[in-house]
Amino acid sequence: MAQRIRYLVSLLVLIALTACGGQGGGPLGERPVLTPPTTQVLDEGERNSLVAVEADGTLLFSVAPSLEAGDVVVSEPTAAAPHGLLRKVTAVREEGGMFVVETDGAELRDAVHQGSLEVHLELDPADIASSTALHSGIELQSLGYQLNTDFGTGGLLRATGSLQIDPVIDLSIDIGCDDTVFGVCAEIPDLNVHVEVGLNETANLSLEGDEDLEFDAEYGVATHNFEPITFFIGPVPVVLTPRLEIYLTAQGSLTATLSFEVDQEIGLAAGFEYNSDDGFSDLSRNDSSFDSSGVDFSGDVSAEVAAGARFEIRLYGVIGPYGSLEAGASLAASQEGLVGSGGTLWQLKGCLAGSVGISSVDVLDLDYEKELFDLCAAVASETNDPPTVVLAAPGPGTQIFVGEAVTLSALVDDRDGQTVSCDWESSRAGDSLPSGCEGKGTFGTTGSRTLTVTASDPTGETDTDSVTIEVEPLPDILVTITNPEDGTALGNGDPITLSGSASGGSGPYDYVWYLHHPTDDSGNGGDVYQIGTAASIEWGPNDTLGTIDCRTFDWARLELEATDENGFEGSRSVMITISNIC
């Protein structure tokens, strides 16, 4: 790749000016390269004789190098200096058969008084010197990753998915001099630096949790150390060593359950420009596409998951430009509706962040750090739907006696999966009604009244249903039907046990079961069939009606009549439906 990259590098390489009083003149990119006489680039023999570079910058040579105090020594990578050298010589001596060169830090402008370097570097997995997967559950495949981690929560929270990145580095350095003497700059050279690191990312991320949990975790996915890459300003080598750290973050809280998935296509860049006269100006761009699916939750949720990359560009092994770029999704959700959202149950946002800096006091004399952007935009949301309710019992044809306990039942549904509560009201005072969507109620007076049930979800959305019933005086002979319940649905061929009993008067009782079919939903009309003469009988609709047409749905009324030994009678009816779905 290094050879390929060199074809992407546009260099201004010209012979240094040597004329007395020569002027640079012209734009920086058109000026000839100037290197002062003190710039000493190690040749191959000197590089091979470099034995060691100590922590304090002292260089040890096995053969005497052509160096003296005041020189700026520059070198391509060697075995002893794998990231190259840019140092200022302070002393040279021979000691124990070795040649010791003491050095201090140097700036690139000490070695180059005028020249330019432009690099467009697409980081190639083939140039990775070493990679480390930093967390179990991470499958490392070049610059692609399969993710599966619980962030150290013992399985209470889990992120899964895939990540593919494509990093690009753009770097230009322009050094210029307006006044030269004998080919040497007579002033501090001007410096222009342009750095931009781009990251194209494709990711699929899923986050799941099933616990009352707070979390704020970051886990390293992988670290990639790239081989040093050498470029030249004239004869002076400039050695860059990129480094990437890929990471995954999750933060937030949930009170019950959470799951969501997001696909993201991201293009991010972070950088800066520096000019000796104008200082720093920021560079950034961001393009994003998010697509969400599978949002599911209960309770309250505030959660964010993001994948990011931290980058460093080392110059001669010393940290230079650095920064981070990350992208992910944030979910806010509540079954009671998000505060101030007008009934929104959940909202998923795509979030981007980028920062940049440079810490290159030795090489470029620059120190800077800036957060460039921290953005979130809505990707998807769901607004609350009201619940639905159907008053299932009692029906308009249900036979009800004053003071008798009657089942009140409401069928509720909520598309959002929320818990729905029910409240009952009667148009007459003195009735005792249940709390909840099903329970027993009693009616203290005879006559007509309207029952209304109101279903409410946690956001306050409601739905109602009503029925008008007639409450009759309590008869002398009170008949009770225990099976089937009012509103039971039967298939034409479904057998059922009809069960009832009587009280009051003087037993024993004679029982007769009747079927009224077909009726309206209040039990009016229809033919009357006697179907049994015991308190409990086995019966099926086709025993009486035969096989009815396919897809028929009819109302019917089952009636149990009881007569005591004195001839007093009582009866009770329940409404059923009969169908034959073929």
# chains A, B, ... in the order shown; residues from 1 in each chain; ligands from 1
call {"tool": "residues_around", "arguments": {"residues": "Gly395 of chain A", "least_positions_apart": "3", "cutoff": "7 Å", "atoms": "only C-alpha atoms", "output": "short mmCIF file (atom, residue, chain, number, x, y, z; two decimals) with all heavy atoms, in the first residue's frame"}}
result
data_model
loop_
_atom_site.label_atom_id
_atom_site.label_comp_id
_atom_site.auth_asym_id
_atom_site.auth_seq_id
_atom_site.Cartn_x
_atom_site.Cartn_y
_atom_site.Cartn_z
N ALA A 392 -69.24 -6.56 27.13
CA ALA A 392 -69.62 -7.93 26.78
C ALA A 392 -70.80 -8.44 27.60
O ALA A 392 -71.61 -9.23 27.10
CB ALA A 392 -68.42 -8.85 26.97
N THR A 398 -80.15 -9.64 28.61
CA THR A 398 -79.84 -10.37 29.84
C THR A 398 -80.95 -10.16 30.86
O THR A 398 -81.38 -9.02 31.12
CB THR A 398 -78.50 -9.91 30.43
OG1 THR A 398 -77.47 -10.14 29.47
CG2 THR A 398 -78.18 -10.68 31.70
N VAL A 467 -74.79 -0.09 27.43
CA VAL A 467 -75.90 -0.99 27.20
C VAL A 467 -77.07 -0.54 28.08
O VAL A 467 -76.87 -0.06 29.20
CB VAL A 467 -75.52 -2.45 27.51
CG1 VAL A 467 -75.20 -2.65 28.98
CG2 VAL A 467 -76.61 -3.42 27.04
#
call {"tool": "residues_around", "arguments": {"residues": "Leu352 of chain A", "least_positions_apart": "4", "cutoff": "10 Å", "atoms": "only C-alpha atoms", "output": "PyMOL selection string"}}
result
chain A and resi 266-268+286-288+306-308+325-329+373-377
call {"tool": "atom_distance", "arguments": {"atom1": "atom CA of Val195 of chain A", "atom2": "atom CA of Phe272 of chain A"}}
result
5.5 Å
call {"tool": "closest_residue", "arguments": {"among": "A:Thr90, A:Asp564, A:Ile233, A:Gly154", "to": "Thr35 of chain A", "atoms": "only C-alpha atoms"}}
result
A:Ile233
call {"tool": "residues_around", "arguments": {"residues": "Ala556 of chain A", "least_positions_apart": "3", "cutoff": "9 Å", "atoms": "only C-alpha atoms", "output": "list in words"}}
result
Leu515, His516, His517, Pro518, Thr519, Asp520, Asp521, Gly523, Asn524, Gly526, Val574, Met575, Ile576, Thr577 and Ile578 of chain A
call {"tool": "atom_distance", "arguments": {"atom1": "atom CA of Thr241 of chain A", "atom2": "atom CA of Tyr322 of chain A"}}
result
11.8 Å
call {"tool": "residues_around", "arguments": {"residues": "Glu214 of chain A", "least_positions_apart": "6", "cutoff": "12 Å", "atoms": "only C-alpha atoms", "output": "ChimeraX atom specification"}}
result
/A:151,153,156-157,250-256,300-304
